[in-house]
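J.: Have a look at the structure that comes next, please.
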Amino acid sequence: MERVVIIGTGNVGMSYAFSLLNQRTEVDELFLIDRTRAKAAGEALDLHSTLGYSPSNMKIRLGKYSDCKSAQLVVITAGAPQAPGETRMDLVKKNAAILQPMIAEVMASGFNGILLMVTNPLDVMTQLAWKYSGLPHSKVIGTGTVLDSSRLKYTIGHQAKVNPKDVKAYVIGEHGDSGFVPWSLCSISMQSVEDFLDNDQMTAIEDRVRNDAYEIIKRKGATYYGIGICLARITNALLSNEHAILPLSNYDPLERLYYGYPCVVGRGGVERRLDLKLSAIERRKLAKSLETIRSGLDSAK
């Protein structure tokens with residue numbers, strides 16, 4: 001019985017739940033936890049209405065923290081949202097204060113599954129979740145740059161007039177303004193991306209991907225559909241033991257830091273990190289991005 005607990009039933013948490021219901025998944029039970037129990041109960045009832053036609057047959061329930069004990073996956077989406085004009089790093093102190101008691105409740109249940117962080121600033125919150133939980137770093141992960149990379153694949157595919165699923169490219173580093181594209185490693189099928197795009201196009205694509213969240217927030221107040229489908233993808237990779245490669249926020253033992261970087265994931269969490277051969281310029285960009293995350297951790301203290 002595969003049990004997933006979502007903590008936080010706002011737009012992100014419910015876009016994730018709805019994405020799970022719209023595809024075949026390993027999830028048998030979905031528990032919803034929110035500080036406003038009436039909202040979580042209402043969301044569960046609303047999701048029940050999909051089951052007459054959904055490809056899924058999962059049981060959806062109003063949850064409590066004790067339900068985390070037998071969960072394979074706990075997904076934390078709760079936290080203050082990013083407002084227009086705010087960066088993700090502006091959320092550090094208020095979301096760190098929310099996170100610590102939440103993690104304490106999860107761990108008090110006896111939870112020993114995988115903890116998946118979504119709350120921003122993502123990499124800082126993932127590192128703090130690891131610290132607060134005491135779980136092995138292989139079992140504490142963040143969504144990292146999976147969403148950024150999805151936006152990148154779409155934008156490259158649109159510009160090059162190819163299917164985004166044939167684009168092999170990642171954003172790495174911070175899920176935020178300092179994340180970057182290692183263009184030297186990007187390809188479309190088995191050809192270098194430089195066979196399809198010139199330098200000006202690549203610069204414009206990277207700028208657009210970096211600013212997409214700000215544009216969405218300015219126009220509609222929040223982003224949630226993209227991260228919802230990314231969370232469903234991560235969930236299936238974990239529970240189906242796919243050994244899939246995803247740029248999750250995972251722990252680098254050399255840097256002693258969490259950040260978005262391609263890793264192999266399966267039922268036990270992160271199995272191993274890839275060894276990317278970055279150019280000298282890309283290594284400098286990564287170092288700068290890691291310093292941004294470290295500054296966020298310092299401000300959380």
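Just so we're on the same page: first chain in the structure tokens is A, next is B, and so on; residues restart at 1 for each chain, and ligands are numbered from 1 in the order they show up.
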Select from stretch 70-91 of chain A every residue with an atom at most 12 Å from any atom of stretch 3-22 of chain A, then for each give the shortest pair of atoms and their distance in Å to one decimal, using only C-alpha atoms, rows by chain and rising number, as JSON lines.

T.:
```
{"residue": "A:Ser70", "atom": "CA", "partner": "A:Arg3", "partner_atom": "CA", "distance": 7.1}
{"residue": "A:Ala71", "atom": "CA", "partner": "A:Arg3", "partner_atom": "CA", "distance": 4.7}
{"residue": "A:Gln72", "atom": "CA", "partner": "A:Arg3", "partner_atom": "CA", "distance": 5.7}
{"residue": "A:Leu73", "atom": "CA", "partner": "A:Val4", "partner_atom": "CA", "distance": 4.9}
{"residue": "A:Val74", "atom": "CA", "partner": "A:Val5", "partner_atom": "CA", "distance": 4.8}
{"residue": "A:Val75", "atom": "CA", "partner": "A:Ile6", "partner_atom": "CA", "distance": 4.9}
{"residue": "A:Ile76", "atom": "CA", "partner": "A:Ile7", "partner_atom": "CA", "distance": 4.9}
{"residue": "A:Thr77", "atom": "CA", "partner": "A:Gly8", "partner_atom": "CA", "distance": 5.2}
{"residue": "A:Ala78", "atom": "CA", "partner": "A:Gly8", "partner_atom": "CA", "distance": 4.2}
{"residue": "A:Gly79", "atom": "CA", "partner": "A:Gly8", "partner_atom": "CA", "distance": 7.7}
{"residue": "A:Ala80", "atom": "CA", "partner": "A:Gly10", "partner_atom": "CA", "distance": 10.3}
{"residue": "A:Pro81", "atom": "CA", "partner": "A:Gly10", "partner_atom": "CA", "distance": 9.5}
{"residue": "A:Gln82", "atom": "CA", "partner": "A:Val12", "partner_atom": "CA", "distance": 11.9}
```

J.: What's the 9 Å shell around stretch 142-144 of chain A, counting only C-alpha atoms, without same-chain residues fewer than 6 positions away, as a PyMOL selection string?

T.: chain A and resi 115-119+122-123+125-127+172-175+227+230-231+234+246-250+258-261

J.: I'd like the neighbourhood of A:Val106 as a PyMOL selection string, where a residue qualifies if any of its atoms comes within 8 Å (using only C-alpha atoms), though same-chain residues fewer than 6 positions away should be ignored.

T.: chain A and resi 65-66+68-69

J.: Could you tell me how far atom CA of A:Phe180 lies from atom CA of A:Lys131, in Å and to one decimal?

T.: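 Between atom CA of A:Phe180 and atom CA of A:Lys131 the gap works out to 26.3 Å.
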
J.: What's the 10 Å shell around A:Thr155, counting only C-alpha atoms, without same-chain residues fewer than 6 positions away, as a PyMOL selection string?

T.: chain A and resi 149+161+164+167+202+204-206+208-209

J.: Would you save the residues from that selection as a PDB file, in the first residue's frame, using C-alpha atoms?

T.:
```
ATOM      1  CA  SER A 149      14.360  22.317 -16.486  1.00  0.00           C
ATOM      2  CA  LYS A 161      10.766  23.447 -33.504  1.00  0.00           C
ATOM      3  CA  PRO A 164      10.467  19.212 -25.840  1.00  0.00           C
ATOM      4  CA  VAL A 167      15.558  18.008 -25.507  1.00  0.00           C
ATOM      5  CA  MET A 202      20.483  30.635 -25.899  1.00  0.00           C
ATOM      6  CA  ALA A 204      17.317  34.823 -24.483  1.00  0.00           C
ATOM      7  CA  ILE A 205      16.049  31.341 -23.580  1.00  0.00           C
ATOM      8  CA  GLU A 206      17.971  31.293 -20.294  1.00  0.00           C
ATOM      9  CA  ARG A 208      13.114  33.726 -20.145  1.00  0.00           C
ATOM     10  CA  VAL A 209      13.346  30.547 -18.087  1.00  0.00           C
TER      11      VAL A 209
END
```

J.: Residues of stretch 126-199 of chain A in strand (DSSP E or B) according to DSSP, as a PyMOL selection string?

T.: chain A and resi 140-142+167-168+172-173+180+187-188+191-192

J.: Would you mind exporting N, CA, C and O atoms of the selected residues as a compact mmCIF listing (two decimals), in the first residue's frame?

T.:
```
# COMPACT_ATOMS: atom_id res chain seq x y z
N VAL A 140 16.03 12.85 2.07
CA VAL A 140 15.49 14.21 2.11
C VAL A 140 15.88 14.89 0.81
O VAL A 140 17.07 15.06 0.51
N ILE A 141 14.89 15.25 0.01
CA ILE A 141 15.16 15.85 -1.30
C ILE A 141 14.21 17.02 -1.51
O ILE A 141 13.18 17.15 -0.85
N GLY A 142 14.60 17.88 -2.45
CA GLY A 142 13.73 18.98 -2.86
C GLY A 142 13.44 18.87 -4.34
O GLY A 142 14.12 18.13 -5.07
N VAL A 167 14.52 17.08 -25.97
CA VAL A 167 15.56 18.01 -25.51
C VAL A 167 16.17 17.44 -24.23
O VAL A 167 15.46 17.13 -23.27
N LYS A 168 17.48 17.30 -24.22
CA LYS A 168 18.21 16.83 -23.04
C LYS A 168 18.98 18.02 -22.46
O LYS A 168 20.07 18.36 -22.93
N ILE A 172 20.79 23.95 -13.48
CA ILE A 172 21.38 23.41 -12.25
C ILE A 172 21.71 24.56 -11.29
O ILE A 172 21.70 25.72 -11.65
N GLY A 173 22.00 24.20 -10.04
CA GLY A 173 22.27 25.20 -9.00
C GLY A 173 21.02 25.50 -8.21
O GLY A 173 20.15 24.65 -8.00
N PHE A 180 21.41 28.23 -13.44
CA PHE A 180 21.91 28.51 -14.79
C PHE A 180 21.86 27.25 -15.65
O PHE A 180 21.70 26.13 -15.14
N SER A 187 21.69 18.92 -25.32
CA SER A 187 21.58 18.31 -26.64
C SER A 187 20.12 18.15 -27.03
O SER A 187 19.22 18.19 -26.19
N ILE A 188 19.91 17.98 -28.33
CA ILE A 188 18.60 17.63 -28.86
C ILE A 188 18.79 16.31 -29.58
O ILE A 188 19.52 16.22 -30.57
N GLN A 191 22.35 15.44 -31.01
CA GLN A 191 23.09 16.57 -31.56
C GLN A 191 23.25 17.66 -30.52
O GLN A 191 22.36 17.87 -29.68
N SER A 192 24.35 18.39 -30.60
CA SER A 192 24.55 19.53 -29.70
C SER A 192 23.46 20.55 -29.94
O SER A 192 23.03 20.79 -31.07
```

J.: When DSSP is applied to the backbone of this structure, which of stretch 125-154 of chain A are assigned helix (DSSP H, G or I)? Write them out as a CSV table (one decimal) with N, CA and C atoms, in the first residue's frame.

T.:
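Final output, out_1.csv:
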```csv
chain,number,residue,atom,x,y,z
A,125,MET,N,15.4,25.5,2.3
A,125,MET,CA,14.4,24.7,3.1
A,125,MET,C,14.7,23.2,3.1
A,126,THR,N,15.2,22.7,2.0
A,126,THR,CA,15.6,21.3,1.9
A,126,THR,C,16.7,21.0,2.9
A,127,GLN,N,17.7,21.9,2.9
A,127,GLN,CA,18.8,21.7,3.8
A,127,GLN,C,18.3,21.8,5.3
A,128,LEU,N,17.4,22.7,5.6
A,128,LEU,CA,16.9,22.8,6.9
A,128,LEU,C,16.1,21.6,7.3
A,129,ALA,N,15.3,21.1,6.3
A,129,ALA,CA,14.5,19.9,6.6
A,129,ALA,C,15.3,18.7,6.9
A,130,TRP,N,16.5,18.6,6.2
A,130,TRP,CA,17.4,17.5,6.5
A,130,TRP,C,18.0,17.7,8.0
A,131,LYS,N,18.3,18.9,8.3
A,131,LYS,CA,18.9,19.2,9.6
A,131,LYS,C,17.8,18.9,10.7
A,132,TYR,N,16.6,19.4,10.5
A,132,TYR,CA,15.5,19.2,11.5
A,132,TYR,C,15.1,17.8,11.7
A,133,SER,N,15.1,17.0,10.6
A,133,SER,CA,14.5,15.7,10.6
A,133,SER,C,15.4,14.6,11.1
A,137,HIS,N,20.6,11.9,4.3
A,137,HIS,CA,20.4,12.9,3.2
A,137,HIS,C,19.9,12.3,2.0
A,138,SER,N,20.0,11.0,1.8
A,138,SER,CA,19.5,10.3,0.6
A,138,SER,C,17.9,10.3,0.6
A,139,LYS,N,17.3,10.5,1.8
A,139,LYS,CA,15.9,10.4,2.0
A,139,LYS,C,15.2,11.8,2.1
A,146,VAL,N,13.8,20.8,-11.2
A,146,VAL,CA,13.0,20.0,-12.1
A,146,VAL,C,12.0,20.9,-12.9
A,147,LEU,N,11.4,21.9,-12.2
A,147,LEU,CA,10.5,22.8,-12.9
A,147,LEU,C,11.2,23.7,-13.8
A,148,ASP,N,12.3,24.3,-13.4
A,148,ASP,CA,13.1,25.1,-14.2
A,148,ASP,C,13.5,24.4,-15.5
A,149,SER,N,13.9,23.1,-15.3
A,149,SER,CA,14.4,22.3,-16.5
A,149,SER,C,13.2,22.0,-17.4
A,150,SER,N,12.0,21.8,-16.9
A,150,SER,CA,10.8,21.6,-17.7
A,150,SER,C,10.6,22.8,-18.5
A,151,ARG,N,10.7,24.0,-17.9
A,151,ARG,CA,10.5,25.3,-18.7
A,151,ARG,C,11.6,25.4,-19.7
A,152,LEU,N,12.8,25.0,-19.4
A,152,LEU,CA,13.9,25.1,-20.4
A,152,LEU,C,13.6,24.1,-21.5
A,153,LYS,N,13.2,22.9,-21.3
A,153,LYS,CA,13.0,22.0,-22.4
A,153,LYS,C,11.9,22.5,-23.3
A,154,TYR,N,10.8,23.0,-22.7
A,154,TYR,CA,9.7,23.5,-23.5
A,154,TYR,C,10.2,24.7,-24.4
```

J.: I want to know what sits within 12 Å of A:Lys301, based on only C-alpha atoms, with residues of the same chain fewer than 4 positions away left out; could you give that as an mmCIF file with N, CA and C atoms, in the first residue's frame?

T.:
```cif
data_model
loop_
_atom_site.group_PDB
_atom_site.id
_atom_site.type_symbol
_atom_site.label_atom_id
_atom_site.label_comp_id
_atom_site.auth_asym_id
_atom_site.auth_seq_id
_atom_site.Cartn_x
_atom_site.Cartn_y
_atom_site.Cartn_z
ATOM 1 N N VAL A 92 12.929 33.442 3.333
ATOM 2 C CA VAL A 92 13.730 32.559 4.182
ATOM 3 C C VAL A 92 13.234 32.509 5.621
ATOM 4 N N LYS A 93 13.196 33.645 6.299
ATOM 5 C CA LYS A 93 12.950 33.629 7.737
ATOM 6 C C LYS A 93 11.547 33.151 8.083
ATOM 7 N N LYS A 94 10.541 33.644 7.345
ATOM 8 C CA LYS A 94 9.187 33.243 7.718
ATOM 9 C C LYS A 94 8.926 31.771 7.416
ATOM 10 N N ALA A 96 11.279 29.337 7.274
ATOM 11 C CA ALA A 96 12.071 28.525 8.204
ATOM 12 C C ALA A 96 11.341 28.376 9.538
ATOM 13 N N ALA A 97 10.681 29.443 9.975
ATOM 14 C CA ALA A 97 9.940 29.400 11.239
ATOM 15 C C ALA A 97 8.736 28.469 11.143
ATOM 16 N N VAL A 124 17.386 26.061 0.422
ATOM 17 C CA VAL A 124 17.577 26.376 1.840
ATOM 18 C C VAL A 124 16.620 25.551 2.689
ATOM 19 N N LEU A 128 17.449 22.698 5.570
ATOM 20 C CA LEU A 128 16.915 22.805 6.924
ATOM 21 C C LEU A 128 16.057 21.589 7.276
ATOM 22 N N ARG A 294 24.151 29.484 0.341
ATOM 23 C CA ARG A 294 24.793 29.600 1.666
ATOM 24 C C ARG A 294 24.370 30.901 2.365
ATOM 25 N N SER A 295 24.262 31.983 1.615
ATOM 26 C CA SER A 295 23.822 33.251 2.207
ATOM 27 C C SER A 295 22.397 33.127 2.736
ATOM 28 N N GLY A 296 21.549 32.387 2.002
ATOM 29 C CA GLY A 296 20.187 32.151 2.468
ATOM 30 C C GLY A 296 20.166 31.351 3.752
ATOM 31 N N LEU A 297 21.034 30.351 3.854
ATOM 32 C CA LEU A 297 21.112 29.567 5.093
ATOM 33 C C LEU A 297 21.585 30.432 6.263
#
```

J.: Taking a cut-off of 9 Å and counting only C-alpha atoms, can you build a table that, for each residue of stretch 180-296 of chain A near stretch 24-31 of chain A, reports the nearest atom pair and how far apart they are in Å (one decimal), sorted by chain then residue number, as CSV?

T.:
```
residue,atom,partner,partner_atom,distance
A:Ala232,CA,A:Thr25,CA,8.4
A:Thr235,CA,A:Thr25,CA,8.4
A:Asn236,CA,A:Thr25,CA,6.3
A:Leu239,CA,A:Glu26,CA,6.3
A:Ser240,CA,A:Glu26,CA,6.7
```

J.: Would you write out those residues with N, CA, C and O atoms, as a PDB file, in the first residue's frame?

T.:
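Resulting contents of again13.pdb:
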```pdb
ATOM      1  N   ALA A 232       4.256  15.131  -9.538  1.00  0.00           N
ATOM      2  CA  ALA A 232       3.734  13.819  -9.931  1.00  0.00           C
ATOM      3  C   ALA A 232       4.823  12.988 -10.606  1.00  0.00           C
ATOM      4  O   ALA A 232       4.947  11.776 -10.361  1.00  0.00           O
ATOM      5  N   THR A 235       7.205  11.766  -7.896  1.00  0.00           N
ATOM      6  CA  THR A 235       6.542  10.723  -7.108  1.00  0.00           C
ATOM      7  C   THR A 235       6.591   9.378  -7.818  1.00  0.00           C
ATOM      8  O   THR A 235       6.931   8.345  -7.222  1.00  0.00           O
ATOM      9  N   ASN A 236       6.264   9.365  -9.096  1.00  0.00           N
ATOM     10  CA  ASN A 236       6.268   8.108  -9.848  1.00  0.00           C
ATOM     11  C   ASN A 236       7.675   7.547  -9.986  1.00  0.00           C
ATOM     12  O   ASN A 236       7.874   6.327  -9.929  1.00  0.00           O
ATOM     13  N   LEU A 239       8.388   6.006  -6.329  1.00  0.00           N
ATOM     14  CA  LEU A 239       7.597   4.851  -5.911  1.00  0.00           C
ATOM     15  C   LEU A 239       7.671   3.692  -6.899  1.00  0.00           C
ATOM     16  O   LEU A 239       7.495   2.537  -6.514  1.00  0.00           O
ATOM     17  N   SER A 240       7.934   3.987  -8.171  1.00  0.00           N
ATOM     18  CA  SER A 240       8.078   2.920  -9.169  1.00  0.00           C
ATOM     19  C   SER A 240       9.517   2.433  -9.282  1.00  0.00           C
ATOM     20  O   SER A 240       9.816   1.580 -10.119  1.00  0.00           O
TER      21      SER A 240
END
```

J.: Can you pull out every residue within 8 Å of A:Ala244, counting only C-alpha atoms, but drop anything in the same chain fewer than 2 positions away, and send it as an MDAnalysis selection string?

T.: chainID A and resid 237 242 246 263:266

J.: Quote the spacing between atom CA of A:Ile33 and atom CA of A:Gly176 in Å to one decimal place.

T.: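 These two atoms are separated by 27.0 Å.
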
J.: What separation in Å, quoted to one decimal, exists between atom CA of A:His48 and atom CA of A:Thr223?

T.: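 Atom-to-atom, atom CA of A:His48 and atom CA of A:Thr223 are spaced 24.0 Å apart.
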